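Q: First the structure, which I've put down as structure tokens, then a few questions once you've had a look.
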Amino acid sequence: MVGNGKMNPSSEAEEEGVKSLLKWAAKYGIEVSESCSSLGLGHCLGVSCFPGAGGRGVAALRPISKGELLLKVPKSALITTDFLLSRDETLSLALKAHPSLSSTKASPWHPYFLHLPRSYSILAAFGELETQALQVDYAIWAAQKAVTKAKYEWEQAFTLMKELKLKPPLLTFRAWIWATGTISSRTLHIPWDEAGCLCPVGDFFNYAAPTEDPDSFENVENWQNEHAKDDLDIHHSQRLTDGGYEEDVAAYCFYAKKNYNVGEQVLLSYGTYTNLELLEYYGFLLEDNPNEKVFIPLDLDMHSLSCWPKESLYIHQNGRPSFALMCALRLWATPPRQRKSIGHLAYSGCPISKGNEIYVMKWIGKKCDALLKEMPTSVEEDKSLVHLIDKMVEYENLREWVKEASAVFGGEFGDNNILKAAYGVEGDNELTSLVRTKMLIDRWKLAVQWRLMYKTVVARCISYCTDIINSLSTQ
């Protein structure tokens, strides 16, 4: 897991803070315990630190079986719209005066909010530098859209926030982004409120992607049979999330989706997300995401021939074109006069002919190769840049690091773009500038990592297509 924005309890002060939070949680009926070796949740879990794997998370204190109840958070502990309005008359009256606004979440529950991240690296927090660092058009557009949406919502809510007499620092767009990140990354679904809820302590769990019935495509001969299995989502017999509100016990319950050994990190699924979606809503990436989707530009006539939505025309993480993409391209590669008579083969996922299959694979391979060559940086350059960003801590100041980096990488370091973005805010003191710089570099690194993952999948697709072509050519 890359950059999830969660704190690491690396100091005694932070550990004491977590203990304080758990004591507070116990007052609301959340089952917690304390032992000499861990900060306990219930009888089987403990809050622990997992460097390089999400930071602060939840560890198994004993063997845990698949399907076992992990944690139960009573309804009275959930932060919901109903709860807030019943506790805050001023907020209730103000919201009635602004019916067009969704319900906001604010709470006097100080101990819980103290342990939320101080910042989020969601797309809405991206500046121009980080946005352009994504390099891929649809990712840049997603970031720009997220920022525009956040600014619009902030402007819509500004009058309400002033009526609530919030302090000036809480009226800023930066504060709004923090609130947006908190709600986006931590809100859970509840049946009685479309705004969802915040679930104290329940948000300690780090994320694991759902992996029902993982596909294996090692043997080229299994192309047709395996191809028909993906993208349909009709074989998912298990839930894609590992928790939910249960009316019979009036609590939000979390369950183990696999067996865990003692000391192993217990992970939960929040749902099925691509890496761009994880970055948009949660502010982190998965280096190995089985639900990743990479999109390549397609001609308009290819879209017009396809009966599938655009979002189904993609490349899997392993480099294999999706079922829908292959169907669309097989039909497109068929002469127009033959499409009506053999179209049913394409729509069913069957190869139309060996020649058609080779033509499609060559087209995809050439498209992907051209796409990589058009990118401002290569896969190897991006790997080196990520490594260089990680080495930044070895330098006494950012300017020295930028000087060395500029000698190796031109583009993104041209005209001191990094320094301008980091130090370009007037009125910031030195400490504020350092914090802002770290947040900027964290987001920038995520952008570079995302584009590296994108290019890696595109390169895998070239290899995959080459393997298919070679196999078919020898038959």
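By order of appearance in the structure tokens: chains A, B, ..., then residues from 1 within every chain, and ligands from 1 in the order shown.
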List the neighbours of Ile296 of chain A out to 9 Å using only C-alpha atoms; skip same-chain residues closer than 4 positions along the sequence, and give me the result as a list of chain:residue names.
A: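 So the residues in contact are A:Leu313, A:Tyr314, A:Ile315, A:Lys367, A:Cys368, A:Leu371, A:Val458.
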Q: So that I can check the surroundings of segment 356-360 of chain A, please list as a list in words every protein, DNA and RNA residue that reaches within 8 Å of it, counting only C-alpha atoms and ignoring chain neighbours fewer than 6 positions away.
A: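 Close residues of segment 356-360 of chain A: Met326, Leu329, Arg330, Ala333, Thr334, Ile468, Ile469 and Leu472 of chain A.
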Q: If you count only C-alpha atoms, which residues fall within 7 Å of segment 177-194 of chain A, apart from same-chain ones fewer than 3 positions away, as an MDAnalysis selection string?
A: chainID A and resid 119:120 122 124:125 173:174 197:198 203 245 281:282
Q: Skipping near chain neighbours, those fewer than 4 positions away, what residues fall within 12 Å of segment 375-382 of chain A using only C-alpha atoms, listed as a ChimeraX atom specification?
A: /A:132-137,368-371,386-389,405,408-412,444-460
Q: Which residues are close to Arg62 of chain A, i.e. within 8 Å by only C-alpha atoms, leaving aside same-chain residues fewer than 3 positions away? Reply as a VMD selection string.
A: chain A and resid 44 to 45 261 to 263
Q: Write the residues of the selection above to a file with N, CA, C and O atoms, as an mmCIF file, in the first residue's frame.
A:
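Below you can see selection_10.cif, which holds the result:
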data_model
loop_
_atom_site.group_PDB
_atom_site.id
_atom_site.type_symbol
_atom_site.label_atom_id
_atom_site.label_comp_id
_atom_site.auth_asym_id
_atom_site.auth_seq_id
_atom_site.Cartn_x
_atom_site.Cartn_y
_atom_site.Cartn_z
ATOM 1 N N CYS A 44 -9.403 -10.152 19.977
ATOM 2 C CA CYS A 44 -8.544 -10.781 18.978
ATOM 3 C C CYS A 44 -7.701 -9.805 18.173
ATOM 4 O O CYS A 44 -6.886 -10.227 17.361
ATOM 5 N N LEU A 45 -7.866 -8.501 18.386
ATOM 6 C CA LEU A 45 -7.179 -7.512 17.563
ATOM 7 C C LEU A 45 -6.364 -6.550 18.411
ATOM 8 O O LEU A 45 -6.657 -6.332 19.588
ATOM 9 N N ASN A 261 -2.972 -15.299 10.853
ATOM 10 C CA ASN A 261 -2.095 -15.815 11.895
ATOM 11 C C ASN A 261 -1.781 -14.713 12.903
ATOM 12 O O ASN A 261 -1.976 -13.523 12.632
ATOM 13 N N VAL A 262 -1.262 -15.086 14.030
ATOM 14 C CA VAL A 262 -0.902 -14.120 15.069
ATOM 15 C C VAL A 262 0.139 -13.140 14.525
ATOM 16 O O VAL A 262 1.123 -13.540 13.905
ATOM 17 N N GLY A 263 -0.096 -11.853 14.740
ATOM 18 C CA GLY A 263 0.821 -10.818 14.298
ATOM 19 C C GLY A 263 0.578 -10.318 12.895
ATOM 20 O O GLY A 263 1.111 -9.276 12.489
#
Q: Pick out the closest residue to Ser76 of chain A from this set: A:His115, A:His110, A:His303, A:Lys27. Count only C-alpha atoms.
A: A:Lys27
Q: Near segment 308-312 of chain A, counting only C-alpha atoms, which residues have an atom at most 9 Å away, once you skip same-chain residues fewer than 3 positions from it, shown as an MDAnalysis selection string?
A: chainID A and resid 231 293 295 303 322:325 328
Q: For the selection you just gave me, I'd like the residues written to a file as a short mmCIF file (atom, residue, chain, number, x, y, z; two decimals), in the first residue's frame, keeping N, CA, C and O atoms.
A:
data_model
loop_
_atom_site.label_atom_id
_atom_site.label_comp_id
_atom_site.auth_asym_id
_atom_site.auth_seq_id
_atom_site.Cartn_x
_atom_site.Cartn_y
_atom_site.Cartn_z
N ASP A 231 -14.82 -9.42 -16.32
CA ASP A 231 -15.59 -8.20 -16.59
C ASP A 231 -17.09 -8.31 -16.40
O ASP A 231 -17.80 -7.31 -16.48
N LYS A 293 -7.50 -0.95 -13.80
CA LYS A 293 -7.94 -0.84 -15.19
C LYS A 293 -7.15 0.28 -15.84
O LYS A 293 -7.08 1.39 -15.32
N PHE A 295 -6.71 2.45 -19.38
CA PHE A 295 -7.42 2.79 -20.61
C PHE A 295 -6.45 3.37 -21.63
O PHE A 295 -5.56 4.16 -21.28
N HIS A 303 -15.57 2.87 -30.80
CA HIS A 303 -16.60 3.08 -29.79
C HIS A 303 -17.99 2.91 -30.38
O HIS A 303 -18.89 2.36 -29.75
N SER A 322 -9.35 -6.38 -21.89
CA SER A 322 -10.60 -6.85 -21.29
C SER A 322 -11.47 -7.57 -22.32
O SER A 322 -11.30 -7.43 -23.54
N PHE A 323 -12.41 -8.33 -21.81
CA PHE A 323 -13.35 -9.06 -22.66
C PHE A 323 -14.06 -8.11 -23.62
O PHE A 323 -14.13 -8.36 -24.83
N ALA A 324 -14.58 -7.01 -23.10
CA ALA A 324 -15.32 -6.06 -23.94
C ALA A 324 -14.42 -5.41 -24.98
O ALA A 324 -14.83 -5.19 -26.13
N LEU A 325 -13.19 -5.07 -24.59
CA LEU A 325 -12.26 -4.45 -25.54
C LEU A 325 -11.94 -5.40 -26.68
O LEU A 325 -11.93 -5.00 -27.85
N ALA A 328 -14.98 -5.67 -29.05
CA ALA A 328 -15.14 -4.48 -29.88
C ALA A 328 -14.09 -4.44 -31.00
O ALA A 328 -14.41 -4.12 -32.15
#
Q: So the first atom is atom CA of Trp141 of chain A and the second is atom CA of Leu278 of chain A; what is the distance between them in Å, to one decimal place?
A: 15.5 Å
Q: Hey, can you check how far atom CA of Ile364 of chain A sits from atom CA of Pro351 of chain A?
A: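 Straight-line distance from atom CA of Ile364 of chain A to atom CA of Pro351 of chain A works out to 15.3 Å.
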